[in-house]
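Have a look at input17.cif; it's mmCIF, N, CA and C atoms and all ligand atoms:
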```
data_my_file
loop_
_atom_site.group_PDB
_atom_site.id
_atom_site.type_symbol
_atom_site.label_atom_id
_atom_site.label_comp_id
_atom_site.auth_asym_id
_atom_site.auth_seq_id
_atom_site.Cartn_x
_atom_site.Cartn_y
_atom_site.Cartn_z
ATOM 1 N N MET A 1 0.859 -1.207 0.000
ATOM 2 C CA MET A 1 0.000 0.000 0.000
ATOM 3 C C MET A 1 0.889 1.249 0.000
ATOM 4 N N MET A 2 0.711 2.069 -1.045
ATOM 5 C CA MET A 2 1.507 3.296 -1.178
ATOM 6 C C MET A 2 1.033 4.366 -0.206
ATOM 7 N N ARG A 3 1.975 4.965 0.486
ATOM 8 C CA ARG A 3 1.618 6.066 1.385
ATOM 9 C C ARG A 3 1.276 7.311 0.568
ATOM 10 N N ARG A 4 0.353 8.099 1.103
ATOM 11 C CA ARG A 4 -0.001 9.352 0.440
ATOM 12 C C ARG A 4 0.481 10.548 1.245
ATOM 13 N N CYS A 5 0.896 11.590 0.529
ATOM 14 C CA CYS A 5 1.301 12.834 1.171
ATOM 15 C C CYS A 5 0.083 13.468 1.839
ATOM 16 N N GLN A 6 0.211 13.881 3.093
ATOM 17 C CA GLN A 6 -0.912 14.471 3.832
ATOM 18 C C GLN A 6 -1.217 15.900 3.391
ATOM 19 N N GLN A 7 -0.329 16.471 2.591
ATOM 20 C CA GLN A 7 -0.525 17.849 2.130
ATOM 21 C C GLN A 7 -1.171 17.862 0.747
ATOM 22 N N CYS A 8 -0.593 17.180 -0.234
ATOM 23 C CA CYS A 8 -1.088 17.259 -1.607
ATOM 24 C C CYS A 8 -1.763 15.957 -2.046
ATOM 25 N N ARG A 9 -1.752 14.927 -1.197
ATOM 26 C CA ARG A 9 -2.412 13.645 -1.444
ATOM 27 C C ARG A 9 -1.764 12.814 -2.545
ATOM 28 N N ARG A 10 -0.569 13.228 -3.004
ATOM 29 C CA ARG A 10 0.104 12.412 -4.014
ATOM 30 C C ARG A 10 0.588 11.126 -3.371
ATOM 31 N N ALA A 11 0.563 10.079 -4.120
ATOM 32 C CA ALA A 11 1.039 8.790 -3.611
ATOM 33 C C ALA A 11 2.559 8.766 -3.599
ATOM 34 N N GLY A 12 3.120 7.892 -2.798
ATOM 35 C CA GLY A 12 4.573 7.727 -2.754
ATOM 36 C C GLY A 12 5.240 8.684 -1.798
ATOM 37 N N ALA A 13 4.521 9.009 -0.730
ATOM 38 C CA ALA A 13 5.064 9.958 0.235
ATOM 39 C C ALA A 13 6.240 9.389 1.003
ATOM 40 N N VAL A 14 7.085 10.273 1.463
ATOM 41 C CA VAL A 14 8.161 9.865 2.362
ATOM 42 C C VAL A 14 7.698 10.103 3.790
ATOM 43 N N ARG A 15 8.314 9.380 4.711
ATOM 44 C CA ARG A 15 7.961 9.504 6.113
ATOM 45 C C ARG A 15 8.615 10.768 6.689
ATOM 46 N N SER A 16 7.809 11.631 7.279
ATOM 47 C CA SER A 16 8.354 12.833 7.889
ATOM 48 C C SER A 16 7.687 13.067 9.228
ATOM 49 N N SER A 17 8.447 13.099 10.277
ATOM 50 C CA SER A 17 7.962 13.264 11.650
ATOM 51 C C SER A 17 6.778 12.341 11.912
ATOM 52 N N THR A 18 5.605 12.889 12.240
ATOM 53 C CA THR A 18 4.498 12.012 12.628
ATOM 54 C C THR A 18 3.532 11.729 11.487
ATOM 55 N N VAL A 19 3.637 12.484 10.384
ATOM 56 C CA VAL A 19 2.724 12.265 9.264
ATOM 57 C C VAL A 19 3.512 12.023 7.984
ATOM 58 N N ASP A 20 2.830 11.552 6.950
ATOM 59 C CA ASP A 20 3.470 11.305 5.667
ATOM 60 C C ASP A 20 3.404 12.555 4.797
ATOM 61 N N LEU A 21 4.544 12.969 4.317
ATOM 62 C CA LEU A 21 4.623 14.100 3.394
ATOM 63 C C LEU A 21 5.551 13.710 2.260
ATOM 64 N N CYS A 22 5.222 14.149 1.032
ATOM 65 C CA CYS A 22 6.149 13.899 -0.068
ATOM 66 C C CYS A 22 7.312 14.881 0.041
ATOM 67 N N GLU A 23 8.335 14.625 -0.716
ATOM 68 C CA GLU A 23 9.551 15.445 -0.671
ATOM 69 C C GLU A 23 9.249 16.928 -0.925
ATOM 70 N N ASP A 24 8.404 17.209 -1.938
ATOM 71 C CA ASP A 24 8.086 18.593 -2.309
ATOM 72 C C ASP A 24 7.390 19.329 -1.173
ATOM 73 N N CYS A 25 6.362 18.710 -0.589
ATOM 74 C CA CYS A 25 5.607 19.355 0.486
ATOM 75 C C CYS A 25 6.457 19.492 1.736
ATOM 76 N N ASN A 26 7.251 18.493 2.016
ATOM 77 C CA ASN A 26 8.122 18.544 3.181
ATOM 78 C C ASN A 26 9.062 19.742 3.085
ATOM 79 N N THR A 27 9.640 19.934 1.894
ATOM 80 C CA THR A 27 10.545 21.056 1.663
ATOM 81 C C THR A 27 9.795 22.386 1.769
ATOM 82 N N ALA A 28 8.620 22.469 1.125
ATOM 83 C CA ALA A 28 7.839 23.708 1.130
ATOM 84 C C ALA A 28 7.416 24.097 2.544
ATOM 85 N N ILE A 29 6.946 23.113 3.296
ATOM 86 C CA ILE A 29 6.497 23.385 4.666
ATOM 87 C C ILE A 29 7.684 23.788 5.544
ATOM 88 N N THR A 30 8.793 23.082 5.389
ATOM 89 C CA THR A 30 9.992 23.410 6.169
ATOM 90 C C THR A 30 10.423 24.844 5.915
ATOM 91 N N GLU A 31 10.409 25.269 4.646
ATOM 92 C CA GLU A 31 10.799 26.633 4.296
ATOM 93 C C GLU A 31 9.826 27.655 4.854
ATOM 94 N N GLU A 32 8.521 27.358 4.745
ATOM 95 C CA GLU A 32 7.501 28.275 5.256
ATOM 96 C C GLU A 32 7.644 28.440 6.765
ATOM 97 N N VAL A 33 7.798 27.324 7.466
ATOM 98 C CA VAL A 33 7.925 27.357 8.929
ATOM 99 C C VAL A 33 9.172 28.141 9.322
ATOM 100 N N HIS A 34 10.274 27.877 8.612
ATOM 101 C CA HIS A 34 11.528 28.559 8.890
ATOM 102 C C HIS A 34 11.357 30.073 8.752
ATOM 103 N N GLU A 35 10.684 30.494 7.682
ATOM 104 C CA GLU A 35 10.455 31.911 7.402
ATOM 105 C C GLU A 35 9.573 32.554 8.483
ATOM 106 N N ARG A 36 8.511 31.854 8.873
ATOM 107 C CA ARG A 36 7.602 32.394 9.902
ATOM 108 C C ARG A 36 8.300 32.503 11.255
ATOM 109 N N VAL A 37 9.076 31.484 11.617
ATOM 110 C CA VAL A 37 9.806 31.505 12.891
ATOM 111 C C VAL A 37 10.820 32.649 12.901
ATOM 112 N N ARG A 38 11.484 32.855 11.766
ATOM 113 C CA ARG A 38 12.455 33.941 11.645
ATOM 114 C C ARG A 38 11.757 35.294 11.859
ATOM 115 N N THR A 39 10.579 35.465 11.221
ATOM 116 C CA THR A 39 9.799 36.698 11.373
ATOM 117 C C THR A 39 9.373 36.897 12.828
ATOM 118 N N ILE A 40 8.918 35.822 13.461
ATOM 119 C CA ILE A 40 8.486 35.899 14.864
ATOM 120 C C ILE A 40 9.648 36.347 15.750
ATOM 121 N N GLN A 41 10.810 35.726 15.581
ATOM 122 C CA GLN A 41 11.977 36.069 16.409
ATOM 123 C C GLN A 41 12.414 37.507 16.190
ATOM 124 N N GLU A 42 12.432 37.922 14.916
ATOM 125 C CA GLU A 42 12.849 39.277 14.580
ATOM 126 C C GLU A 42 11.868 40.302 15.154
ATOM 127 N N THR A 43 10.554 40.003 15.058
ATOM 128 C CA THR A 43 9.532 40.922 15.544
ATOM 129 C C THR A 43 9.529 40.990 17.071
ATOM 130 N N LEU A 44 9.804 39.864 17.727
ATOM 131 C CA LEU A 44 9.932 39.850 19.190
ATOM 132 C C LEU A 44 11.052 40.801 19.626
ATOM 133 N N ARG A 45 12.146 40.742 18.887
ATOM 134 C CA ARG A 45 13.310 41.583 19.185
ATOM 135 C C ARG A 45 12.952 43.062 18.987
ATOM 136 N N LYS A 46 12.268 43.377 17.863
ATOM 137 C CA LYS A 46 11.840 44.750 17.580
ATOM 138 C C LYS A 46 10.906 45.259 18.663
ATOM 139 N N SER A 47 9.971 44.384 19.083
ATOM 140 C CA SER A 47 8.982 44.769 20.084
ATOM 141 C C SER A 47 9.654 45.140 21.405
ATOM 142 N N LYS A 48 10.693 44.400 21.768
ATOM 143 C CA LYS A 48 11.417 44.668 23.019
ATOM 144 C C LYS A 48 12.084 46.037 22.995
ATOM 145 N N MET A 49 12.565 46.439 21.801
ATOM 146 C CA MET A 49 13.287 47.707 21.688
ATOM 147 C C MET A 49 12.335 48.890 21.533
ATOM 148 N N GLU A 50 11.100 48.586 21.176
ATOM 149 C CA GLU A 50 10.122 49.636 20.902
ATOM 150 C C GLU A 50 9.625 50.274 22.204
ATOM 151 N N VAL A 51 9.487 51.598 22.223
ATOM 152 C CA VAL A 51 8.990 52.262 23.430
ATOM 153 C C VAL A 51 7.493 52.583 23.346
ATOM 154 N N SER A 52 6.994 52.844 22.139
ATOM 155 C CA SER A 52 5.580 53.186 21.978
ATOM 156 C C SER A 52 4.688 51.945 22.116
ATOM 157 N N VAL A 53 3.660 52.036 22.962
ATOM 158 C CA VAL A 53 2.748 50.913 23.186
ATOM 159 C C VAL A 53 2.035 50.542 21.879
ATOM 160 N N GLY A 54 1.612 51.557 21.127
ATOM 161 C CA GLY A 54 0.925 51.308 19.843
ATOM 162 C C GLY A 54 1.796 50.503 18.887
ATOM 163 N N ALA A 55 3.066 50.869 18.805
ATOM 164 C CA ALA A 55 3.995 50.163 17.906
ATOM 165 C C ALA A 55 4.262 48.752 18.422
ATOM 166 N N LYS A 56 4.401 48.623 19.736
ATOM 167 C CA LYS A 56 4.581 47.292 20.341
ATOM 168 C C LYS A 56 3.413 46.374 19.966
ATOM 169 N N LEU A 57 2.200 46.916 20.081
ATOM 170 C CA LEU A 57 1.010 46.102 19.787
ATOM 171 C C LEU A 57 0.952 45.699 18.326
ATOM 172 N N ARG A 58 1.385 46.590 17.424
ATOM 173 C CA ARG A 58 1.430 46.225 16.001
ATOM 174 C C ARG A 58 2.417 45.076 15.784
ATOM 175 N N HIS A 59 3.546 45.111 16.480
ATOM 176 C CA HIS A 59 4.509 44.002 16.400
ATOM 177 C C HIS A 59 3.860 42.710 16.909
ATOM 178 N N TRP A 60 3.150 42.828 18.022
ATOM 179 C CA TRP A 60 2.514 41.637 18.604
ATOM 180 C C TRP A 60 1.435 41.071 17.693
ATOM 181 N N ASP A 61 0.699 41.946 16.996
ATOM 182 C CA ASP A 61 -0.316 41.463 16.047
ATOM 183 C C ASP A 61 0.331 40.599 14.963
ATOM 184 N N LEU A 62 1.501 41.031 14.502
ATOM 185 C CA LEU A 62 2.221 40.268 13.477
ATOM 186 C C LEU A 62 2.712 38.934 14.049
ATOM 187 N N ILE A 63 3.228 38.978 15.259
ATOM 188 C CA ILE A 63 3.714 37.750 15.912
ATOM 189 C C ILE A 63 2.564 36.743 16.067
ATOM 190 N N LEU A 64 1.408 37.242 16.526
ATOM 191 C CA LEU A 64 0.255 36.353 16.715
ATOM 192 C C LEU A 64 -0.224 35.788 15.386
ATOM 193 N N ALA A 65 -0.250 36.626 14.346
ATOM 194 C CA ALA A 65 -0.708 36.163 13.027
ATOM 195 C C ALA A 65 0.218 35.079 12.474
ATOM 196 N N GLN A 66 1.529 35.282 12.644
ATOM 197 C CA GLN A 66 2.507 34.293 12.162
ATOM 198 C C GLN A 66 2.373 32.973 12.925
ATOM 199 N N THR A 67 2.138 33.070 14.220
ATOM 200 C CA THR A 67 2.001 31.855 15.037
ATOM 201 C C THR A 67 0.698 31.135 14.706
ATOM 202 N N GLU A 68 -0.377 31.922 14.513
ATOM 203 C CA GLU A 68 -1.664 31.315 14.147
ATOM 204 C C GLU A 68 -1.551 30.560 12.823
ATOM 205 N N ALA A 69 -0.738 31.083 11.904
ATOM 206 C CA ALA A 69 -0.565 30.441 10.604
ATOM 207 C C ALA A 69 0.081 29.059 10.741
ATOM 208 N N LEU A 70 0.835 28.852 11.822
ATOM 209 C CA LEU A 70 1.481 27.552 12.045
ATOM 210 C C LEU A 70 0.528 26.528 12.662
ATOM 211 N N LEU A 71 -0.589 27.045 13.240
ATOM 212 C CA LEU A 71 -1.554 26.153 13.896
ATOM 213 C C LEU A 71 -2.141 25.114 12.942
ATOM 214 N N LYS A 72 -2.326 25.513 11.665
ATOM 215 C CA LYS A 72 -2.948 24.588 10.704
ATOM 216 C C LYS A 72 -2.129 23.297 10.557
ATOM 217 N N TYR A 73 -0.813 23.425 10.766
ATOM 218 C CA TYR A 73 0.028 22.227 10.686
ATOM 219 C C TYR A 73 -0.108 21.371 11.939
ATOM 220 N N GLU A 74 -0.159 22.062 13.083
ATOM 221 C CA GLU A 74 -0.321 21.327 14.345
ATOM 222 C C GLU A 74 -1.628 20.537 14.332
ATOM 223 N N GLU A 75 -2.691 21.161 13.782
ATOM 224 C CA GLU A 75 -3.991 20.490 13.716
ATOM 225 C C GLU A 75 -3.923 19.213 12.883
ATOM 226 N N ARG A 76 -2.982 19.166 11.937
ATOM 227 C CA ARG A 76 -2.811 17.966 11.108
ATOM 228 C C ARG A 76 -1.623 17.134 11.567
ATOM 229 N N GLU A 77 -1.156 17.422 12.796
ATOM 230 C CA GLU A 77 -0.067 16.658 13.415
ATOM 231 C C GLU A 77 1.242 16.735 12.643
ATOM 232 N N ILE A 78 1.438 17.848 11.925
ATOM 233 C CA ILE A 78 2.723 18.078 11.267
ATOM 234 C C ILE A 78 3.569 18.908 12.226
ATOM 235 N N LEU A 79 4.740 18.396 12.583
ATOM 236 C CA LEU A 79 5.589 19.086 13.552
ATOM 237 C C LEU A 79 6.171 20.356 12.945
ATOM 238 N N THR A 80 6.087 21.442 13.701
ATOM 239 C CA THR A 80 6.680 22.704 13.243
ATOM 240 C C THR A 80 7.626 23.247 14.301
ATOM 241 N N THR A 81 7.070 23.806 15.368
ATOM 242 C CA THR A 81 7.907 24.384 16.407
ATOM 243 C C THR A 81 7.855 23.553 17.686
ATOM 244 N N CYS A 82 8.845 23.740 18.528
ATOM 245 C CA CYS A 82 8.869 23.126 19.856
ATOM 246 C C CYS A 82 9.193 24.217 20.863
ATOM 247 N N PRO A 83 8.299 24.576 21.791
ATOM 248 C CA PRO A 83 6.951 24.032 21.993
ATOM 249 C C PRO A 83 6.037 24.282 20.786
ATOM 250 N N PRO A 84 4.938 23.507 20.680
ATOM 251 C CA PRO A 84 4.041 23.623 19.532
ATOM 252 C C PRO A 84 3.374 24.997 19.438
ATOM 253 N N PRO A 85 2.904 25.381 18.221
ATOM 254 C CA PRO A 85 2.291 26.692 17.992
ATOM 255 C C PRO A 85 1.182 27.050 18.992
ATOM 256 N N SER A 86 0.350 26.077 19.400
ATOM 257 C CA SER A 86 -0.748 26.376 20.328
ATOM 258 C C SER A 86 -0.213 26.868 21.675
ATOM 259 N N THR A 87 0.898 26.278 22.126
ATOM 260 C CA THR A 87 1.527 26.697 23.381
ATOM 261 C C THR A 87 2.158 28.077 23.228
ATOM 262 N N LEU A 88 2.855 28.285 22.096
ATOM 263 C CA LEU A 88 3.470 29.586 21.823
ATOM 264 C C LEU A 88 2.406 30.677 21.785
ATOM 265 N N LEU A 89 1.279 30.350 21.147
ATOM 266 C CA LEU A 89 0.201 31.320 20.990
ATOM 267 C C LEU A 89 -0.342 31.760 22.352
ATOM 268 N N GLU A 90 -0.515 30.813 23.253
ATOM 269 C CA GLU A 90 -0.974 31.146 24.613
ATOM 270 C C GLU A 90 0.009 32.092 25.299
ATOM 271 N N ASP A 91 1.293 31.760 25.209
ATOM 272 C CA ASP A 91 2.330 32.591 25.831
ATOM 273 C C ASP A 91 2.350 33.986 25.207
ATOM 274 N N PHE A 92 2.283 34.026 23.862
ATOM 275 C CA PHE A 92 2.355 35.308 23.157
ATOM 276 C C PHE A 92 1.139 36.177 23.479
ATOM 277 N N ARG A 93 -0.040 35.555 23.595
ATOM 278 C CA ARG A 93 -1.246 36.325 23.936
ATOM 279 C C ARG A 93 -1.121 36.934 25.330
ATOM 280 N N THR A 94 -0.555 36.154 26.253
ATOM 281 C CA THR A 94 -0.330 36.656 27.615
ATOM 282 C C THR A 94 0.641 37.830 27.589
ATOM 283 N N MET A 95 1.718 37.686 26.797
ATOM 284 C CA MET A 95 2.729 38.745 26.700
ATOM 285 C C MET A 95 2.142 39.999 26.058
ATOM 286 N N ARG A 96 1.273 39.813 25.052
ATOM 287 C CA ARG A 96 0.630 40.956 24.405
ATOM 288 C C ARG A 96 -0.295 41.670 25.402
ATOM 289 N N ASP A 97 -1.026 40.880 26.198
ATOM 290 C CA ASP A 97 -1.920 41.460 27.198
ATOM 291 C C ASP A 97 -1.145 42.262 28.237
ATOM 292 N N THR A 98 0.071 41.817 28.516
ATOM 293 C CA THR A 98 0.930 42.546 29.464
ATOM 294 C C THR A 98 1.245 43.942 28.919
ATOM 295 N N VAL A 99 1.496 44.007 27.605
ATOM 296 C CA VAL A 99 1.770 45.303 26.958
ATOM 297 C C VAL A 99 0.537 46.201 27.098
ATOM 298 N N LEU A 100 -0.628 45.645 26.858
ATOM 299 C CA LEU A 100 -1.884 46.397 26.964
ATOM 300 C C LEU A 100 -2.108 46.902 28.383
ATOM 301 N N GLY A 101 -1.845 46.023 29.357
ATOM 302 C CA GLY A 101 -2.138 46.333 30.748
ATOM 303 C C GLY A 101 -1.174 47.310 31.395
ATOM 304 N N LYS A 102 0.116 47.130 31.135
ATOM 305 C CA LYS A 102 1.115 47.905 31.868
ATOM 306 C C LYS A 102 1.927 48.853 30.988
ATOM 307 N N GLY A 103 1.833 48.659 29.683
ATOM 308 C CA GLY A 103 2.636 49.496 28.800
ATOM 309 C C GLY A 103 4.104 49.122 28.812
ATOM 310 N N GLU A 104 4.392 47.884 29.164
ATOM 311 C CA GLU A 104 5.776 47.408 29.109
ATOM 312 C C GLU A 104 5.844 45.983 28.559
ATOM 313 N N ALA A 105 6.929 45.267 28.834
ATOM 314 C CA ALA A 105 7.212 43.903 28.351
ATOM 315 C C ALA A 105 7.578 43.861 26.871
HETATM 316 ZN ZN ZN B 1 2.888 16.400 -1.178
#
```
For the file at hand, write its structure as structure tokens.
Amino acid sequence: MMRRCQQCRRAGAVRSSTVDLCEDCNTAITEEVHERVRTIQETLRKSKMEVSVGAKLRHWDLILAQTEALLKYEEREILTTCPPPSTLLEDFRTMRDTVLGKGEA
């Protein structure tokens, strides 16, 4: 029985982490995740240096959007980040709320 890629449904998938992905999808997802994680890290750094609460919140909106975009993979049991996106999202929402509440963090 030929394995199917969980992303594009093509037969002949290779084994990747917990689900089956073909070589093309595995590469595409890896690149997308890498790019989103890079953006999240860079924006976290910018947010820390930012003094204006409004600008901090705009950074946090981007961080949350990037993390939410990774959730679709977690829902399909495709490994992306460690800790998983759902855990990161909880932490990031708490950190964003701290900015709203105190004007710092
Ligand atoms: Zn595929």
Give the strand (DSSP E) residues of chain A, as DSSP finds them on the backbone, and put them as a PDB file with N, CA and C atoms, in the frame of the given file.
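Saved the output as out_16.pdb:
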```
ATOM      1  N   VAL A  14       7.085  10.273   1.463  1.00  0.00           N
ATOM      2  CA  VAL A  14       8.161   9.865   2.362  1.00  0.00           C
ATOM      3  C   VAL A  14       7.698  10.103   3.790  1.00  0.00           C
ATOM      4  N   ARG A  15       8.314   9.380   4.711  1.00  0.00           N
ATOM      5  CA  ARG A  15       7.961   9.504   6.113  1.00  0.00           C
ATOM      6  C   ARG A  15       8.615  10.768   6.689  1.00  0.00           C
ATOM      7  N   SER A  16       7.809  11.631   7.279  1.00  0.00           N
ATOM      8  CA  SER A  16       8.354  12.833   7.889  1.00  0.00           C
ATOM      9  C   SER A  16       7.687  13.067   9.228  1.00  0.00           C
ATOM     10  N   VAL A  19       3.637  12.484  10.384  1.00  0.00           N
ATOM     11  CA  VAL A  19       2.724  12.265   9.264  1.00  0.00           C
ATOM     12  C   VAL A  19       3.512  12.023   7.984  1.00  0.00           C
ATOM     13  N   ASP A  20       2.830  11.552   6.950  1.00  0.00           N
ATOM     14  CA  ASP A  20       3.470  11.305   5.667  1.00  0.00           C
ATOM     15  C   ASP A  20       3.404  12.555   4.797  1.00  0.00           C
ATOM     16  N   LEU A  21       4.544  12.969   4.317  1.00  0.00           N
ATOM     17  CA  LEU A  21       4.623  14.100   3.394  1.00  0.00           C
ATOM     18  C   LEU A  21       5.551  13.710   2.260  1.00  0.00           C
TER      19      LEU A  21
END
```
Surroundings of ligand ZN 1 (chain B) up to 7 Å, based on all atoms listed in the file, as a ChimeraX atom specification: /A:4-10,13,21-26
With a cut-off of 9 Å, could you pull out the residues of range 50-88 of chain A touching range 29-36 of chain A and give me the nearest pair of atoms for each, distance in Å to one decimal, using only C-alpha atoms, ordered by chain and ascending number, as a Markdown table?
```
| residue | atom | partner | partner_atom | distance |
| --- | --- | --- | --- | --- |
| A:Ile63 | CA | A:Arg36 | CA | 8.9 |
| A:Gln66 | CA | A:Arg36 | CA | 5.9 |
| A:Thr67 | CA | A:Arg36 | CA | 7.6 |
| A:Ala69 | CA | A:Arg36 | CA | 8.4 |
| A:Leu70 | CA | A:Val33 | CA | 7.2 |
| A:Tyr73 | CA | A:Ile29 | CA | 8.9 |
| A:Thr80 | CA | A:Val33 | CA | 6.5 |
| A:Thr81 | CA | A:Val33 | CA | 8.0 |
```
Can you write out the residues you just picked, keeping N, CA and C atoms, as a PDB file, in the frame of the given file?
```pdb
ATOM      1  N   ILE A  63       3.228  38.978  15.259  1.00  0.00           N
ATOM      2  CA  ILE A  63       3.714  37.750  15.912  1.00  0.00           C
ATOM      3  C   ILE A  63       2.564  36.743  16.067  1.00  0.00           C
ATOM      4  N   GLN A  66       1.529  35.282  12.644  1.00  0.00           N
ATOM      5  CA  GLN A  66       2.507  34.293  12.162  1.00  0.00           C
ATOM      6  C   GLN A  66       2.373  32.973  12.925  1.00  0.00           C
ATOM      7  N   THR A  67       2.138  33.070  14.220  1.00  0.00           N
ATOM      8  CA  THR A  67       2.001  31.855  15.037  1.00  0.00           C
ATOM      9  C   THR A  67       0.698  31.135  14.706  1.00  0.00           C
ATOM     10  N   ALA A  69      -0.738  31.083  11.904  1.00  0.00           N
ATOM     11  CA  ALA A  69      -0.565  30.441  10.604  1.00  0.00           C
ATOM     12  C   ALA A  69       0.081  29.059  10.741  1.00  0.00           C
ATOM     13  N   LEU A  70       0.835  28.852  11.822  1.00  0.00           N
ATOM     14  CA  LEU A  70       1.481  27.552  12.045  1.00  0.00           C
ATOM     15  C   LEU A  70       0.528  26.528  12.662  1.00  0.00           C
ATOM     16  N   TYR A  73      -0.813  23.425  10.766  1.00  0.00           N
ATOM     17  CA  TYR A  73       0.028  22.227  10.686  1.00  0.00           C
ATOM     18  C   TYR A  73      -0.108  21.371  11.939  1.00  0.00           C
ATOM     19  N   THR A  80       6.087  21.442  13.701  1.00  0.00           N
ATOM     20  CA  THR A  80       6.680  22.704  13.243  1.00  0.00           C
ATOM     21  C   THR A  80       7.626  23.247  14.301  1.00  0.00           C
ATOM     22  N   THR A  81       7.070  23.806  15.368  1.00  0.00           N
ATOM     23  CA  THR A  81       7.907  24.384  16.407  1.00  0.00           C
ATOM     24  C   THR A  81       7.855  23.553  17.686  1.00  0.00           C
TER      25      THR A  81
END
```
DSSP alpha helix (DSSP H) residues within range 18-80 of chain A, as a PyMOL selection string: chain A and resi 23-49+53-75
CA of Lys56 in chain A to atom N of Leu88 in chain A, distance in Å rounded to a single decimal: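 Straight-line distance from CA of Lys56 in chain A to atom N of Leu88 in chain A works out to 19.2 Å.
For the pair atom C of Glu68 in chain A and atom C of Met49 in chain A, the separation is 24.6 Å.
Atom to atom, CA of Ile40 in chain A and atom N of Lys72 in chain A stand 15.3 Å apart.
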The PyMOL selection byres (((chain A and resi 86) around 8) and not hetatm) resolved against shown file, as a list in words: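 On the file shown, the PyMOL selection byres (((chain A and resi 86) around 8) and not hetatm) covers Thr67, Glu68, Leu70, Leu71, Glu74, Pro83, Pro84, Pro85, Thr87, Leu88, Leu89, Glu90, Asp91 and Phe92 of chain A.
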